[in-house]
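Student: There's a structure below that I have some questions on.
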Amino acid sequence: MYELEINHVSHRYGDYRVLNDINLQILPGQIVAMVGPSGCGKSTLLQAILGTHPPTEGEIRADGVLINKPSRNVGIVYQQYSLYDFLTAEENVAFGLKLDETSLPSRIFSYRSYAKKRQVHLRKAREFLEKVGLSSAMGRYPAELSGGMRQRVAIAQAFILKPKIVLLDEPFGALDETTRQELQMMLLKFYQENLKAKQRGERPEYTIIIVTHELNEALYVADRVIGLSRYHTQSEKGAMIVYDRPCPVFSPDDPRDFSKLVEQREELRKAVFDESYIKDHNKYVSFWSELAQDSQLAATAAANQPAPRRIR
Amino acid sequence: MIRRPIPRWLAIALGVGGVVLLLTAYSILSARQTRKNENQRVIPGWQTFKEGAARLVRPQGSAEDPQPSMLATDLKATYWRLFLGFFTGVALSIVMGIAMGAYRFIEALLAPVMSFLAKIPPTAMLPIYFVLVGTDQKMFTAMVALGVFFNMAQSIYQAIAGEVKTVSIDKAYTLGASDPEIIYEVIWKQILPSVLDNLRLQIGPAMIFLLAAEMLVGGEGMGFRIRMESRVLNMSVVYIYLTILGLTGLMADYGLLWLRRWLCPWCVR
């Protein structure tokens, strides 16, 4: 089963076609980076996946459930305004648990049992904050936190409910370089946890779509990159997925060596961002065939020497 | 230099100095006026104030049938009307403001009408209250309540539009919130500081509406007393009432400021 399925999604604003026949399947535990020129419809697609603005054609399903309004199946972290000013860091993280597990009447009329649950929620929130390296900031309000700390809290807030998939909408766009690197490392750690869960035969917890305009970041944190663009032969119908390929997986301990990304970065830039390079939209969409090839290779390699080229 | 900070002791001393200066200036003015005309009552001396105050707190009625003093009757009437009107107006405006801020169809239906009604001076609407509600307690309540209601509902509605981001609401849905939960847990908590700030701003207008109504009709209350006493030039009583009104506003202001600090520790500005 796919964690997210986008089937024949098109979107138009009046006569203007934004998205054309988008098809995408995402497996549990994947971290997918989405890139594209500004104005290409990334936000429209993101809003459709979130459920705030359902597409004019086609359907989107999270774990088989149709998405037509925002729900706890799809989480989101925005570049800003993700946190509630009036809640402390730990209350912000526990907010989802409170909304999801208790109701407004039960909080008022059976206060005692709510108070007990509240303790559990806050403890879980503190545990998650420790995991993202924020044990010192639990009781502080968002206004008292730095940009990087706020994004960590926002990420904890989105993931604590274990949604099917979490959308990160340019989450590190407003941060300085050092903080940005720290948060990228955090995503790599999440990916390692996914791999461990898979080895144990469990469902991985962190399935992510990250929208970013930094190509290095996209290739560094993700295991799969998709590019959304209008620069293809059916350009007048709207943007399509013109790039969908796996990319190298880094472990948090690896050096940040972007030199091995150069080739793919240039390919990505050409395929998605080069206005003059008009091609069939399927030319660089090869994720699934490469995956099949890989598993075949792995099967043969397993007989000789155990070293799969890519871990997924 | 502009905005150069001053030490705290100096700030306190200057604050006290301002009050002393006001009282001294009054004493000098009063003394000069009295030199011109010994029986003047426009700027009465402190002795006259004492006599006026004594008259205000003296119990009314006869020995067999004692009645509360003038001051007690007036304060009770005015404060009760103010509280009742203010409370009703604020409660209604919170409901209406949130409904308009949260639901687009209520906003489209009511926003134009509300902004029109908010522009009519409430004191000019008095004749309508006479006709529709009568001249008893209900009229004073309606006067204050409606005077506060239109402005306050608009402020709350605008606070929601400006301070509650759509992404915060969408985010709450992704965390499993229901509509009532979004209204209480997100919208209400986000705008609470603005609501309290607006309450502070509305205390002044509320007192204007009430005093104006009391000056026109009614047999008790501070507005009524001020008009009656000023007719016979009992300015000492008038000044005492004005001071009480000023202190009332000041205390309500500080009370709400304290409430805001207590309820919204996250919002310091």
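Following the order of the structure tokens, first chain is A, next is B, and so on, with residues numbered from 1 inside each chain and ligands from 1 in the order they appear.
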Can you tell me, as a ChimeraX atom specification, what residues are no more than 6 Å from Val242 (chain A) when counting only C-alpha atoms, ignoring any on the same chain fewer than 6 positions away?
Tutor: /A:227-228,281
Student: Identify every residue of chain B that has at least one atom within 7 Å of any atom of chain A, counting only C-alpha atoms, and report the result as a PyMOL selection string.
Tutor: chain B and resi 168+170-171+173-177+181+189-190+266
Student: Write out as a ChimeraX atom specification all residues of region 177-212 of chain A that backbone DSSP assigns to strand (DSSP E or B).
Tutor: /A:208-211
Student: Go ahead and write the selection's residues with C-alpha atoms as a short mmCIF file (atom, residue, chain, number, x, y, z; two decimals), in the first residue's frame.
Tutor:
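And here is the file that came out, again.cif:
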```cif
data_model
loop_
_atom_site.label_atom_id
_atom_site.label_comp_id
_atom_site.auth_asym_id
_atom_site.auth_seq_id
_atom_site.Cartn_x
_atom_site.Cartn_y
_atom_site.Cartn_z
CA ILE A 208 7.96 13.26 4.07
CA ILE A 209 7.53 15.55 1.09
CA ILE A 210 9.91 18.47 1.42
CA VAL A 211 9.53 21.45 -0.90
#
```
Student: Pick out the residues sitting within 8 Å of region 151-159 of chain B, and hand them over as a list in words; count only C-alpha atoms, and ignore anything fewer than 5 positions along from it in its own chain.
Tutor: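 Residues meeting the cut-off are Val90, Leu92, Ser93, Ile94, Met96, Gly97, Ile98, Met100, Gly101, Met114, Ser115, Ala118, Val164, Ile191, Ser194, Val195, Asn198, Leu199 and Gln202 of chain B.
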Student: Would you list the contacts of region 284-299 of chain A as a ChimeraX atom specification, taking every protein, DNA or RNA residue within 12 Å and counting only C-alpha atoms, but skipping same-chain residues closer than 4 positions in sequence?
Tutor: /A:22-27,32,223-228,232,240-247,264,267-272,279-280,303-312
Student: Name the residues in contact with Leu82 (chain B) at a cut-off of 10 Å, using only C-alpha atoms, excluding same-chain residues fewer than 4 positions from it; report them as a PyMOL selection string.
Tutor: chain B and resi 76-78+86-88+140-141+143-145+203+206-207+209-211
Student: Output N, CA and C atoms for every residue in the selection just made, as a compact mmCIF listing (two decimals), in the first residue's frame.
Tutor:
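Ended up saving to result_25.txt:
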```
# COMPACT_ATOMS: atom_id res chain seq x y z
N LYS B 76 -24.44 53.41 43.26
CA LYS B 76 -25.06 52.10 43.04
C LYS B 76 -25.76 52.09 41.68
N ALA B 77 -26.54 53.16 41.43
CA ALA B 77 -27.30 53.21 40.18
C ALA B 77 -26.36 53.21 38.98
N THR B 78 -25.36 54.11 39.01
CA THR B 78 -24.49 54.26 37.84
C THR B 78 -23.65 53.02 37.59
N PHE B 86 -22.29 47.18 29.94
CA PHE B 86 -20.98 46.81 29.44
C PHE B 86 -20.90 45.31 29.25
N PHE B 87 -21.35 44.59 30.27
CA PHE B 87 -21.29 43.13 30.23
C PHE B 87 -22.12 42.59 29.06
N THR B 88 -23.36 43.09 28.94
CA THR B 88 -24.23 42.63 27.85
C THR B 88 -23.59 42.93 26.50
N PHE B 140 -31.00 52.45 29.95
CA PHE B 140 -29.58 52.70 30.21
C PHE B 140 -28.73 51.50 29.77
N THR B 141 -29.22 50.31 30.09
CA THR B 141 -28.49 49.10 29.69
C THR B 141 -28.35 49.03 28.17
N MET B 143 -28.55 51.44 26.02
CA MET B 143 -27.70 52.53 25.55
C MET B 143 -26.22 52.13 25.60
N VAL B 144 -25.77 51.68 26.77
CA VAL B 144 -24.36 51.31 26.95
C VAL B 144 -24.04 50.07 26.13
N ALA B 145 -24.93 49.08 26.20
CA ALA B 145 -24.65 47.80 25.53
C ALA B 145 -24.49 48.01 24.03
N ILE B 203 -14.12 51.45 27.70
CA ILE B 203 -14.62 51.92 29.00
C ILE B 203 -14.98 53.40 28.92
N ALA B 206 -18.21 53.97 26.93
CA ALA B 206 -19.34 53.43 27.70
C ALA B 206 -19.78 54.44 28.75
N MET B 207 -18.79 55.07 29.43
CA MET B 207 -19.14 56.05 30.47
C MET B 207 -19.77 57.29 29.84
N PHE B 209 -21.65 57.40 27.11
CA PHE B 209 -23.03 57.09 26.74
C PHE B 209 -23.94 57.08 27.97
N LEU B 210 -23.44 56.45 29.04
CA LEU B 210 -24.27 56.33 30.23
C LEU B 210 -24.52 57.69 30.86
N LEU B 211 -23.45 58.49 31.02
CA LEU B 211 -23.60 59.80 31.66
C LEU B 211 -24.53 60.70 30.85
```
Student: Which residues are close to Ile120 (chain B), i.e. within 10 Å by only C-alpha atoms, leaving aside same-chain residues fewer than 5 positions away? Reply as a ChimeraX atom specification.
Tutor: /B:115,125,147,150
Student: What does the structure give for the distance between CA of Asp74 (chain B) and CA of Gly223 (chain B), in Å to one decimal?
Tutor: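 Computing it gives 8.7 Å between the two atoms.
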Student: Give the alpha helix (DSSP H) residues of region 17-157 of chain B, as DSSP finds them on the backbone, and put them as JSON, numbers by chain.
Tutor: {"B": [17, 18, 19, 20, 21, 22, 23, 24, 25, 26, 27, 28, 29, 30, 31, 32, 33, 34, 35, 36, 46, 47, 48, 49, 50, 51, 52, 53, 54, 55, 56, 57, 70, 71, 72, 73, 74, 75, 76, 77, 78, 79, 80, 81, 82, 83, 84, 85, 86, 87, 88, 89, 90, 91, 92, 93, 94, 95, 96, 97, 98, 99, 100, 101, 102, 104, 105, 106, 107, 108, 109, 110, 111, 112, 113, 114, 115, 116, 117, 118, 119, 126, 127, 128, 129, 130, 131, 132, 133, 137, 138, 139, 140, 141, 142, 143, 144, 145, 146, 147, 148, 149, 150, 151, 152, 153, 154, 155, 156, 157]}
Student: Taking 5 positions as the minimum chain separation for residues in the same chain, which residues sit within 8 Å of region 117-128 of chain A when counting only C-alpha atoms? Answer as a ChimeraX atom specification.
Tutor: /A:90-91,93-94,97-98,135,138,156,160
Student: Tell me, in Å to one decimal, how far CA of Arg180 (chain A) is from CA of Ala218 (chain A).
Tutor: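 Distance between the two atoms: 12.5 Å.
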Student: Looking at only C-alpha atoms, which of B:Ala142, B:Leu257, B:Ala108, B:Ala99 is the one that sits closest to Ile183 (chain B)?
Tutor: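 So, comparing all the options, the nearest one is B:Ala99.
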Student: Compare A:Lys198, A:Gly173, A:Tyr220, A:Lys164 by their minimum atom-to-atom distance to Met185 (chain A), counting only C-alpha atoms, and give me the closest one.
Tutor: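 Smallest separation from Met185 (chain A) among the options: A:Tyr220.
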